[in-house]
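File shown: target_17.csv (CSV, C-alpha atoms and all ligand atoms).
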chain,number,residue,atom,x,y,z
A,1,MET,CA,32.2,6.6,-21.6
A,2,ASN,CA,32.6,9.6,-19.4
A,3,GLN,CA,28.9,10.2,-18.8
A,4,GLN,CA,27.8,10.1,-15.2
A,5,SER,CA,25.3,7.6,-13.8
A,6,ILE,CA,23.7,10.3,-11.7
A,7,ALA,CA,23.7,14.1,-11.7
A,8,PHE,CA,23.2,16.2,-8.6
A,9,ASP,CA,22.5,20.0,-8.6
A,10,ILE,CA,22.2,22.0,-5.4
A,11,VAL,CA,19.4,24.6,-5.8
A,12,ALA,CA,19.7,26.5,-2.5
A,13,ARG,CA,21.6,26.4,0.8
A,14,ASP,CA,20.8,27.7,4.2
A,15,GLY,CA,23.7,27.3,6.6
A,16,GLU,CA,24.8,23.7,6.1
A,17,ALA,CA,21.4,22.6,5.0
A,18,ARG,CA,20.9,22.3,1.3
A,19,THR,CA,18.2,21.4,-1.2
A,20,GLY,CA,18.8,20.0,-4.6
A,21,VAL,CA,17.8,17.8,-7.5
A,22,LEU,CA,19.3,14.3,-7.9
A,23,ARG,CA,18.7,12.8,-11.3
A,24,THR,CA,19.1,9.1,-11.6
A,25,ARG,CA,18.5,7.0,-14.7
A,26,ARG,CA,14.9,6.4,-13.5
A,27,SER,CA,13.6,9.3,-11.6
A,28,VAL,CA,14.3,12.9,-10.6
A,29,ILE,CA,14.5,13.2,-6.9
A,30,GLU,CA,14.3,16.4,-4.9
A,31,THR,CA,16.5,16.5,-1.9
A,32,PRO,CA,16.6,16.3,1.1
A,33,VAL,CA,14.7,13.0,0.5
A,34,PHE,CA,13.3,10.3,2.7
A,35,MET,CA,13.4,6.8,1.1
A,36,PRO,CA,10.8,4.3,2.3
A,37,VAL,CA,12.3,0.9,3.0
A,38,GLY,CA,11.2,-2.0,0.9
A,39,THR,CA,13.1,-4.8,2.6
A,40,LEU,CA,11.8,-7.8,0.7
A,41,GLY,CA,10.7,-6.0,-2.5
A,42,THR,CA,7.7,-4.5,-0.7
A,43,VAL,CA,7.3,-1.4,1.4
A,44,LYS,CA,5.3,-3.3,4.0
A,45,GLY,CA,1.7,-2.4,4.4
A,46,THR,CA,1.3,-0.2,1.4
A,47,ARG,CA,0.7,-0.5,-2.4
A,48,PHE,CA,3.0,0.9,-5.1
A,49,GLU,CA,0.1,2.9,-6.5
A,50,PHE,CA,-0.1,4.9,-3.2
A,51,LEU,CA,3.7,5.4,-3.2
A,52,GLU,CA,3.5,6.7,-6.7
A,53,THR,CA,0.5,9.0,-6.5
A,54,GLU,CA,-0.5,10.4,-3.1
A,55,LEU,CA,2.8,9.8,-1.3
A,56,ASP,CA,4.9,10.6,-4.4
A,57,ALA,CA,8.0,8.7,-3.2
A,58,ARG,CA,10.6,9.0,-5.9
A,59,ILE,CA,13.0,6.4,-4.6
A,60,ILE,CA,12.6,3.3,-2.3
A,61,LEU,CA,15.1,0.8,-0.8
A,62,GLY,CA,15.6,-2.9,-1.3
A,63,ASN,CA,17.7,-5.0,1.1
A,64,THR,CA,20.3,-7.1,-0.6
A,65,TYR,CA,20.7,-9.6,2.2
A,66,HIS,CA,17.0,-10.4,2.3
A,67,LEU,CA,16.5,-10.5,-1.5
A,68,TRP,CA,19.6,-12.6,-2.0
A,69,LEU,CA,18.2,-15.3,0.4
A,70,ARG,CA,14.7,-15.0,-0.9
A,71,PRO,CA,13.8,-15.2,-3.8
A,72,GLY,CA,17.5,-15.2,-4.8
A,73,ALA,CA,19.5,-12.9,-7.0
A,74,GLU,CA,19.3,-15.1,-10.2
A,75,THR,CA,15.5,-15.5,-9.8
A,76,VAL,CA,15.2,-11.7,-9.7
A,77,ARG,CA,17.5,-11.4,-12.7
A,78,GLU,CA,15.5,-13.9,-14.7
A,79,CYS,CA,12.3,-11.9,-13.9
A,80,GLY,CA,13.9,-8.9,-15.5
A,81,GLY,CA,15.6,-7.2,-12.5
A,82,LEU,CA,14.1,-5.8,-9.3
A,83,HIS,CA,12.1,-3.0,-10.9
A,84,ARG,CA,10.2,-5.4,-13.2
A,85,PHE,CA,9.9,-8.1,-10.5
A,86,ILE,CA,8.2,-5.8,-8.0
A,87,GLY,CA,6.4,-3.5,-10.5
A,88,TRP,CA,8.2,-0.2,-9.6
A,89,GLU,CA,9.6,1.9,-12.4
A,90,ARG,CA,11.0,4.7,-10.2
A,91,ALA,CA,14.4,4.7,-8.6
A,92,LEU,CA,15.6,2.0,-6.3
A,93,LEU,CA,18.6,1.9,-4.0
A,94,THR,CA,19.9,-1.4,-2.5
A,95,ASP,CA,22.1,-1.6,0.6
A,96,SER,CA,25.1,-3.9,0.5
A,97,GLY,CA,23.9,-6.6,3.0
A,98,GLY,CA,26.8,-5.6,5.3
A,99,PHE,CA,24.5,-4.1,8.0
A,100,GLN,CA,22.1,-7.1,8.0
A,101,VAL,CA,24.9,-9.6,8.3
A,102,TRP,CA,26.4,-7.5,11.1
A,103,SER,CA,23.0,-7.6,12.9
A,104,LEU,CA,23.2,-11.4,13.0
A,105,GLY,CA,25.7,-11.1,15.8
A,106,ALA,CA,27.0,-14.4,17.0
A,107,LEU,CA,25.8,-16.2,13.8
A,108,ARG,CA,28.6,-14.5,11.7
A,109,LYS,CA,32.4,-14.8,11.3
A,110,ILE,CA,34.3,-12.0,9.7
A,111,SER,CA,37.6,-12.4,7.8
A,112,GLU,CA,39.6,-10.3,5.4
A,113,GLU,CA,37.9,-12.1,2.6
A,114,GLY,CA,34.3,-11.5,3.7
A,115,THR,CA,31.7,-12.6,6.2
A,116,LYS,CA,30.6,-16.2,6.8
A,117,PHE,CA,27.2,-16.6,8.4
A,118,ARG,CA,24.1,-18.8,8.6
A,119,SER,CA,21.0,-17.8,6.8
A,120,HIS,CA,18.2,-16.7,9.2
A,121,VAL,CA,15.7,-18.5,6.9
A,122,ASP,CA,17.0,-22.1,6.8
A,123,GLY,CA,20.3,-22.1,8.7
A,124,SER,CA,22.3,-22.8,5.5
A,125,PRO,CA,26.0,-21.6,5.4
A,126,ARG,CA,26.5,-18.4,3.3
A,127,PHE,CA,29.4,-16.2,2.4
A,128,LEU,CA,29.1,-12.5,1.6
A,129,SER,CA,32.1,-10.4,0.4
A,130,PRO,CA,32.5,-7.2,-1.5
A,131,GLU,CA,32.5,-9.1,-4.8
A,132,VAL,CA,29.4,-11.2,-4.0
A,133,SER,CA,27.5,-8.1,-2.8
A,134,MET,CA,28.3,-6.3,-6.0
A,135,GLU,CA,27.3,-9.3,-8.1
A,136,VAL,CA,24.0,-9.6,-6.2
A,137,GLN,CA,23.3,-5.9,-6.5
A,138,ALA,CA,24.0,-6.0,-10.2
A,139,ALA,CA,21.5,-8.8,-10.6
A,140,LEU,CA,18.9,-6.8,-8.6
A,141,GLY,CA,19.7,-3.8,-10.9
A,142,ALA,CA,19.0,-1.0,-8.5
A,143,ASP,CA,19.8,2.5,-9.7
A,144,ILE,CA,22.0,3.2,-6.7
A,145,VAL,CA,24.2,0.5,-5.2
A,146,MET,CA,26.1,0.6,-1.8
A,147,ALA,CA,29.7,-0.5,-1.2
A,148,PHE,CA,30.1,-3.5,1.1
A,149,ASP,CA,31.1,-2.3,4.5
A,150,GLU,CA,31.8,-3.5,8.1
A,151,CYS,CA,29.9,-1.9,10.9
A,152,ALA,CA,31.4,-1.5,14.4
A,153,PRO,CA,29.1,-1.3,17.4
A,154,GLY,CA,28.2,2.2,18.7
A,155,GLN,CA,30.4,1.7,21.8
A,156,ALA,CA,33.4,0.2,20.0
A,157,THR,CA,36.8,1.1,21.4
A,158,HIS,CA,39.2,3.1,19.3
A,159,GLU,CA,41.2,0.0,18.4
A,160,GLU,CA,38.1,-2.1,17.4
A,161,ALA,CA,36.7,0.8,15.4
A,162,ARG,CA,40.0,1.4,13.7
A,163,GLU,CA,40.3,-2.3,12.6
A,164,SER,CA,36.7,-2.2,11.3
A,165,MET,CA,37.2,1.1,9.5
A,166,GLU,CA,40.4,-0.1,7.8
A,167,LEU,CA,38.6,-3.3,6.7
A,168,THR,CA,35.8,-1.2,5.4
A,169,ALA,CA,38.4,0.9,3.4
A,170,ARG,CA,39.9,-2.3,1.8
A,171,TRP,CA,36.4,-3.6,1.1
A,172,ALA,CA,35.4,-0.3,-0.5
A,173,ALA,CA,38.3,-0.6,-3.0
A,174,ARG,CA,37.3,-4.2,-3.8
A,175,SER,CA,33.6,-3.1,-4.1
A,176,ARG,CA,34.7,-0.4,-6.6
A,177,ALA,CA,36.8,-2.8,-8.7
A,178,ARG,CA,34.1,-5.5,-8.9
A,179,PHE,CA,31.4,-3.0,-9.5
A,180,ASP,CA,33.3,-1.5,-12.5
A,181,ALA,CA,34.0,-4.9,-14.0
A,182,LEU,CA,30.3,-5.9,-13.7
A,183,GLN,CA,29.2,-2.7,-15.4
A,184,GLU,CA,31.7,-3.4,-18.3
A,185,GLU,CA,30.4,-7.0,-18.5
A,186,GLY,CA,26.8,-5.7,-18.8
A,187,MET,CA,25.7,-7.6,-15.7
A,188,ASP,CA,23.4,-4.8,-14.4
A,189,SER,CA,19.9,-6.0,-15.0
A,190,GLY,CA,18.4,-2.5,-14.6
A,191,ARG,CA,20.6,-0.9,-17.3
A,192,LEU,CA,19.0,1.7,-19.6
A,193,GLU,CA,20.3,3.3,-22.8
A,194,PRO,CA,22.3,6.6,-22.2
A,195,ARG,CA,19.9,9.5,-22.0
A,196,ASP,CA,19.8,13.2,-20.9
A,197,GLY,CA,23.6,13.1,-20.2
A,198,LEU,CA,23.3,10.1,-18.0
A,199,SER,CA,25.1,6.8,-18.8
A,200,GLY,CA,22.2,4.5,-17.9
A,201,ARG,CA,24.5,2.6,-15.6
A,202,GLN,CA,24.2,2.0,-11.8
A,203,ALA,CA,25.7,4.5,-9.4
A,204,LEU,CA,27.9,3.3,-6.5
A,205,PHE,CA,28.0,5.0,-3.1
A,206,GLY,CA,30.9,4.6,-0.6
A,207,ILE,CA,30.3,4.4,3.2
A,208,VAL,CA,32.1,6.2,6.0
A,209,GLN,CA,32.6,4.2,9.2
A,210,GLY,CA,34.5,4.7,12.4
A,211,ALA,CA,31.9,4.4,15.2
A,212,SER,CA,31.9,7.4,17.5
A,213,HIS,CA,35.6,8.2,17.0
A,214,LEU,CA,35.8,11.5,15.0
A,215,ASP,CA,39.5,11.0,14.0
A,216,LEU,CA,38.6,7.6,12.5
A,217,ARG,CA,35.5,9.0,10.8
A,218,ARG,CA,37.6,11.8,9.2
A,219,GLU,CA,40.2,9.2,8.0
A,220,SER,CA,37.4,6.9,6.7
A,221,LEU,CA,36.0,9.8,4.8
A,222,GLN,CA,39.3,10.7,3.3
A,223,ARG,CA,40.1,7.1,2.3
A,224,THR,CA,36.6,6.6,0.8
A,225,VAL,CA,36.8,9.8,-1.2
A,226,GLU,CA,40.3,8.8,-2.5
A,227,ILE,CA,38.8,5.6,-4.0
A,228,GLY,CA,36.0,7.8,-5.6
A,229,PHE,CA,32.3,7.2,-5.6
A,230,ASP,CA,29.1,8.8,-7.1
A,231,GLY,CA,27.9,9.7,-3.6
A,232,TYR,CA,28.9,9.2,0.0
A,233,ALA,CA,27.1,7.7,3.0
A,234,ILE,CA,27.6,7.8,6.8
A,235,GLY,CA,27.0,4.3,8.1
A,236,GLY,CA,27.2,2.7,11.5
A,237,LEU,CA,25.0,5.3,13.4
A,238,SER,CA,21.9,4.7,15.4
A,239,VAL,CA,23.4,1.4,16.5
A,240,GLY,CA,23.4,1.9,20.3
A,241,GLU,CA,25.3,5.1,20.7
A,242,GLU,CA,23.9,8.2,22.5
A,243,LYS,CA,21.9,10.5,20.3
A,244,SER,CA,24.3,13.4,21.1
A,245,VAL,CA,27.2,11.2,19.8
A,246,MET,CA,25.3,10.6,16.6
A,247,TYR,CA,24.6,14.3,16.0
A,248,SER,CA,28.3,15.2,16.7
A,249,VAL,CA,29.5,12.6,14.2
A,250,ILE,CA,27.1,14.0,11.6
A,251,GLU,CA,28.1,17.6,12.5
A,252,GLU,CA,31.8,16.8,12.1
A,253,ILE,CA,31.6,14.6,9.0
A,254,ALA,CA,28.8,15.8,6.7
A,255,PRO,CA,30.2,19.3,6.0
A,256,GLN,CA,33.5,17.7,5.0
A,257,MET,CA,31.9,15.4,2.5
A,258,PRO,CA,32.3,16.4,-1.1
A,259,LEU,CA,30.1,19.4,-1.7
A,260,ALA,CA,28.9,18.5,-5.1
A,261,GLN,CA,27.8,15.0,-4.4
A,262,PRO,CA,24.8,13.5,-2.5
A,263,ARG,CA,25.3,12.7,1.2
A,264,TYR,CA,23.3,9.8,2.6
A,265,LEU,CA,22.7,9.1,6.3
A,266,MET,CA,21.9,5.4,6.6
A,267,GLY,CA,19.1,4.0,8.7
A,268,VAL,CA,18.2,7.2,10.6
A,269,GLY,CA,15.7,8.1,12.0
A,270,THR,CA,12.8,10.0,13.7
A,271,PRO,CA,11.4,13.2,12.1
A,272,GLU,CA,13.5,15.2,14.6
A,273,ASP,CA,16.6,13.2,13.6
A,274,LEU,CA,15.9,14.0,10.0
A,275,ILE,CA,15.6,17.8,10.6
A,276,GLU,CA,18.8,17.8,12.8
A,277,ALA,CA,20.7,15.9,10.1
A,278,VAL,CA,19.5,18.2,7.3
A,279,ALA,CA,20.7,21.1,9.4
A,280,ARG,CA,24.2,19.5,9.4
A,281,GLY,CA,24.2,19.0,5.6
A,282,ILE,CA,22.6,15.5,4.9
A,283,ASP,CA,20.6,15.0,1.7
A,284,MET,CA,19.2,11.4,1.8
A,285,PHE,CA,17.6,9.2,4.5
A,286,ASP,CA,16.1,5.8,4.9
A,287,CYS,CA,14.5,4.2,8.0
A,288,VAL,CA,12.0,1.5,8.8
A,289,LEU,CA,10.3,3.6,11.6
A,290,PRO,CA,7.2,4.8,9.7
A,291,THR,CA,6.4,1.4,8.3
A,292,ARG,CA,7.5,-0.8,11.3
A,293,ASN,CA,5.8,1.5,13.9
A,294,GLY,CA,2.7,1.8,11.8
A,295,ARG,CA,2.3,-2.0,12.1
A,296,THR,CA,2.7,-1.8,15.9
A,297,GLY,CA,0.1,0.9,16.4
A,298,GLN,CA,2.3,4.0,16.6
A,299,ALA,CA,1.6,7.1,14.6
A,300,PHE,CA,4.1,10.0,14.0
A,301,THR,CA,2.4,13.4,14.0
A,302,THR,CA,3.6,17.0,13.9
A,303,ARG,CA,2.8,17.1,17.6
A,304,GLY,CA,4.6,14.0,18.6
A,305,LYS,CA,3.9,10.3,18.7
A,306,ILE,CA,0.5,8.6,19.3
A,307,ASN,CA,0.0,5.1,20.5
A,308,ILE,CA,-3.3,4.3,19.0
A,309,LYS,CA,-4.1,1.4,21.5
A,310,ASN,CA,-4.3,3.9,24.3
A,311,ALA,CA,-7.8,3.9,25.9
A,312,LYS,CA,-8.1,7.7,25.7
A,313,TYR,CA,-8.6,7.4,21.9
A,314,ALA,CA,-11.6,5.1,22.2
A,315,ARG,CA,-14.1,7.9,21.4
A,316,ASP,CA,-11.7,10.4,19.9
A,317,THR,CA,-13.3,11.6,16.7
A,318,ARG,CA,-10.3,13.7,15.6
A,319,PRO,CA,-7.9,12.7,12.8
A,320,LEU,CA,-4.5,11.4,13.8
A,321,ASP,CA,-3.0,14.8,12.9
A,322,ALA,CA,-5.2,17.7,12.1
A,323,ALA,CA,-2.3,19.3,10.2
A,324,CYS,CA,-1.7,16.2,8.0
A,325,PRO,CA,-3.0,16.4,4.4
A,326,CYS,CA,-3.0,12.5,3.9
A,327,SER,CA,-6.1,10.6,2.8
A,328,VAL,CA,-6.2,8.7,6.1
A,329,CYS,CA,-6.4,11.9,8.1
A,330,GLN,CA,-9.0,13.3,5.7
A,331,ARG,CA,-11.3,10.3,6.2
A,332,HIS,CA,-10.8,8.4,9.5
A,333,THR,CA,-10.8,9.1,13.2
A,334,ARG,CA,-8.5,8.0,16.0
A,335,ALA,CA,-11.4,6.0,17.5
A,336,TYR,CA,-11.8,4.0,14.3
A,337,LEU,CA,-8.1,3.4,13.9
A,338,ARG,CA,-7.9,2.2,17.5
A,339,HIS,CA,-10.8,-0.2,16.9
A,340,LEU,CA,-9.1,-1.6,13.8
A,341,TYR,CA,-5.8,-2.1,15.7
A,342,LEU,CA,-7.4,-3.7,18.7
A,343,THR,CA,-9.5,-6.1,16.6
A,344,GLY,CA,-6.4,-7.1,14.6
A,345,GLU,CA,-7.9,-6.0,11.3
A,346,MET,CA,-5.1,-5.7,8.7
A,347,LEU,CA,-6.5,-2.4,7.6
A,348,GLY,CA,-5.3,-0.8,10.9
A,349,GLY,CA,-1.6,-1.4,10.1
A,350,ILE,CA,-2.2,-0.3,6.5
A,351,LEU,CA,-3.8,3.0,7.4
A,352,LEU,CA,-1.2,3.8,10.1
A,353,THR,CA,1.6,3.0,7.7
A,354,HIS,CA,0.1,5.2,5.0
A,355,HIS,CA,-0.2,8.1,7.4
A,356,ASN,CA,3.3,7.6,8.8
A,357,LEU,CA,4.9,7.6,5.3
A,358,ALA,CA,2.8,10.7,4.5
A,359,CYS,CA,4.1,12.4,7.6
A,360,PHE,CA,7.8,11.7,6.8
A,361,LEU,CA,7.5,12.6,3.1
A,362,ASP,CA,5.5,15.7,3.8
A,363,THR,CA,8.0,16.8,6.5
A,364,MET,CA,10.8,16.5,3.9
A,365,ARG,CA,8.7,18.6,1.4
A,366,ARG,CA,8.3,21.3,4.0
A,367,VAL,CA,12.1,21.1,4.8
A,368,ARG,CA,12.9,21.6,1.1
A,369,GLN,CA,10.6,24.6,0.8
A,370,ALA,CA,12.0,26.2,4.0
A,371,ILE,CA,15.6,25.8,2.7
A,372,ARG,CA,14.5,27.3,-0.7
A,373,SER,CA,12.9,30.3,0.9
A,374,GLY,CA,15.9,30.8,3.3
A,375,ASP,CA,13.6,30.1,6.3
A,376,PHE,CA,15.1,26.8,7.5
A,377,THR,CA,16.3,28.0,10.9
A,378,ARG,CA,12.9,29.2,11.9
A,379,PHE,CA,11.2,26.1,10.4
A,380,ARG,CA,13.5,23.9,12.4
A,381,ARG,CA,12.9,25.8,15.7
A,382,GLU,CA,9.1,25.8,15.3
A,383,PHE,CA,9.0,22.1,14.1
A,384,LEU,CA,10.9,20.9,17.1
A,385,ALA,CA,9.0,23.0,19.5
A,386,GLN,CA,5.7,21.8,18.1
A,387,LEU,CA,6.8,18.1,18.4
A,388,THR,CA,6.9,18.3,22.1
A,389,SER,CA,3.8,20.6,22.5
A,390,ASP,CA,1.4,17.6,23.0
A,391,SER,CA,-2.0,18.6,21.6
A,392,GLU,CA,-3.9,16.1,23.7
B,401,ZN,ZN,-2.2,11.6,7.9
So, in terms of structure tokens, how does the structure I just supplied come out?
Amino acid sequence: MNQQSIAFDIVARDGEARTGVLRTRRSVIETPVFMPVGTLGTVKGTRFEFLETELDARIILGNTYHLWLRPGAETVRECGGLHRFIGWERALLTDSGGFQVWSLGALRKISEEGTKFRSHVDGSPRFLSPEVSMEVQAALGADIVMAFDECAPGQATHEEARESMELTARWAARSRARFDALQEEGMDSGRLEPRDGLSGRQALFGIVQGASHLDLRRESLQRTVEIGFDGYAIGGLSVGEEKSVMYSVIEEIAPQMPLAQPRYLMGVGTPEDLIEAVARGIDMFDCVLPTRNGRTGQAFTTRGKINIKNAKYARDTRPLDAACPCSVCQRHTRAYLRHLYLTGEMLGGILLTHHNLACFLDTMRRVRQAIRSGDFTRFRREFLAQLTSDSE
């Protein structure tokens, strides 16, 4: 079996920015791509029909930690895997659970073997390790699976970050070994027959750590590439470090990542972060911002952010963003969206979420087009200038 689980072809480059086509066993994904986050098997506040049609999201995320606790990996397996369980036939990526466990802070205890923690749902003791994470992710059956890593805080000292990075490297090798064994044992519940040169198996991505220390980041990349993965991610950013630090890590590491494989920046960020990371060579993104902020009354627009609860929108009959092609902006006014938000109508969060996802996905479409036409530098400059222009 030497067929690959994914195939990645770069179509055009402009500086470090690149646009390409990522074929997974379930969907063809144009990159750079934004992946909406479906924490508990739902992209909160939207329906799969909208994700498939108007928004045309080709890949979404599921969170291993959350789905493992509820409804449980074996429940999902018995329901035919995550695709069948949630009713989504396009591509899925699951994270390893490492970041969520790390976010529990004092509730967790890390050892060489793995991480002991208490469930945030019922307080029960749990243990997550590279092996358990691979087993859960095989039961979920996502098309792309992430290695189990350890995240150091943004301000970690060199010594702390080194320990964490070395543990991540050892865990990456254990993730790889268990993942390969599970594929051989046929434990992947999302498996398909080989087709179009793809093996029908899951793909496994490795994660580069090392906090803000560039020498550790470089070493982490080298050690991760030595193990060998289908794609590579930069983890442990947007965790409390300065934005300039985040950009400098991406600028240093992304161009050194294997040229022919997808590069994924985990958990980042705002539209301007996406553009800046694309300019430094990143292909894939995920972030909860469009959905989470949609539920709290914040809209992203091409002219900056709008807090819909603001009194100045009470009689504002303009759409959220005159430049946005989404169905919410075609039909509804800021005044109406503000009314929905203030009265606690659930439609308010639904409509803002829809617009925000449209804004992120449409931005990435424009990014791809700009790279293809060799016009990305100008696009980036104009996009960033417009974001701070404030139309109001
Ligand atoms: Zn819109």
* Asked: What's the 9 Å shell around Val145 (chain A), counting only C-alpha atoms, without same-chain residues fewer than 2 positions away, as a list in words?
  ->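 So the residues in contact are Leu92, Leu93, Thr94, Asp95, Ser96, Met134, Gln137, Ala138, Gly141, Ala142, Asp143, Ala147, Gln202, Ala203, Leu204 and Phe205 of chain A.
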* To do: To one decimal in Å, tell me the separation between CA of Arg26 (chain A) and CA of Ala91 (chain A).
  =>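 Computing it gives 5.2 Å between the two atoms.
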Show me, as a Markdown table, the residues of chain A having an atom within 9 Å of ligand ZN 401 (chain B), each with the closest atom pair and its distance in Å, using only C-alpha atoms and all ligand atoms.
| residue | atom | partner | partner_atom | distance |
| --- | --- | --- | --- | --- |
| A:Ala299 | CA | B:ZN401 | ZN | 8.9 |
| A:Phe300 | CA | B:ZN401 | ZN | 8.9 |
| A:Thr301 | CA | B:ZN401 | ZN | 7.8 |
| A:Pro319 | CA | B:ZN401 | ZN | 7.6 |
| A:Leu320 | CA | B:ZN401 | ZN | 6.3 |
| A:Asp321 | CA | B:ZN401 | ZN | 6.0 |
| A:Ala322 | CA | B:ZN401 | ZN | 8.0 |
| A:Ala323 | CA | B:ZN401 | ZN | 8.0 |
| A:Cys324 | CA | B:ZN401 | ZN | 4.6 |
| A:Pro325 | CA | B:ZN401 | ZN | 6.0 |
| A:Cys326 | CA | B:ZN401 | ZN | 4.2 |
| A:Ser327 | CA | B:ZN401 | ZN | 6.5 |
| A:Val328 | CA | B:ZN401 | ZN | 5.3 |
| A:Cys329 | CA | B:ZN401 | ZN | 4.2 |
| A:Gln330 | CA | B:ZN401 | ZN | 7.3 |
| A:Leu351 | CA | B:ZN401 | ZN | 8.8 |
| A:Leu352 | CA | B:ZN401 | ZN | 8.2 |
| A:His354 | CA | B:ZN401 | ZN | 7.4 |
| A:His355 | CA | B:ZN401 | ZN | 4.1 |
| A:Asn356 | CA | B:ZN401 | ZN | 6.9 |
| A:Leu357 | CA | B:ZN401 | ZN | 8.6 |
| A:Ala358 | CA | B:ZN401 | ZN | 6.1 |
| A:Cys359 | CA | B:ZN401 | ZN | 6.4 |
All residues 8 Å or closer to Asp149 (chain A), only C-alpha atoms, same chain fewer than 2 positions away omitted, as an mmCIF file with C-alpha atoms, in the coordinates of the input:
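Writing the result to part_24.cif gives the following:
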data_model
loop_
_atom_site.group_PDB
_atom_site.id
_atom_site.type_symbol
_atom_site.label_atom_id
_atom_site.label_comp_id
_atom_site.auth_asym_id
_atom_site.auth_seq_id
_atom_site.Cartn_x
_atom_site.Cartn_y
_atom_site.Cartn_z
ATOM 1 C CA SER A 96 25.100 -3.900 0.500
ATOM 2 C CA GLY A 98 26.800 -5.600 5.300
ATOM 3 C CA PHE A 99 24.500 -4.100 8.000
ATOM 4 C CA PRO A 130 32.500 -7.200 -1.500
ATOM 5 C CA ALA A 147 29.700 -0.500 -1.200
ATOM 6 C CA CYS A 151 29.900 -1.900 10.900
ATOM 7 C CA LEU A 167 38.600 -3.300 6.700
ATOM 8 C CA THR A 168 35.800 -1.200 5.400
ATOM 9 C CA TRP A 171 36.400 -3.600 1.100
ATOM 10 C CA ALA A 172 35.400 -0.300 -0.500
ATOM 11 C CA ILE A 207 30.300 4.400 3.200
#
* Asked: Near Arg84 (chain A), within 12 Å and counting all atoms listed in the file, which residues show up once chain neighbours fewer than 2 positions away are dropped, as a VMD selection string?
  -> chain A and resid 41 75 to 82 86 to 92 140 to 142 189 to 190
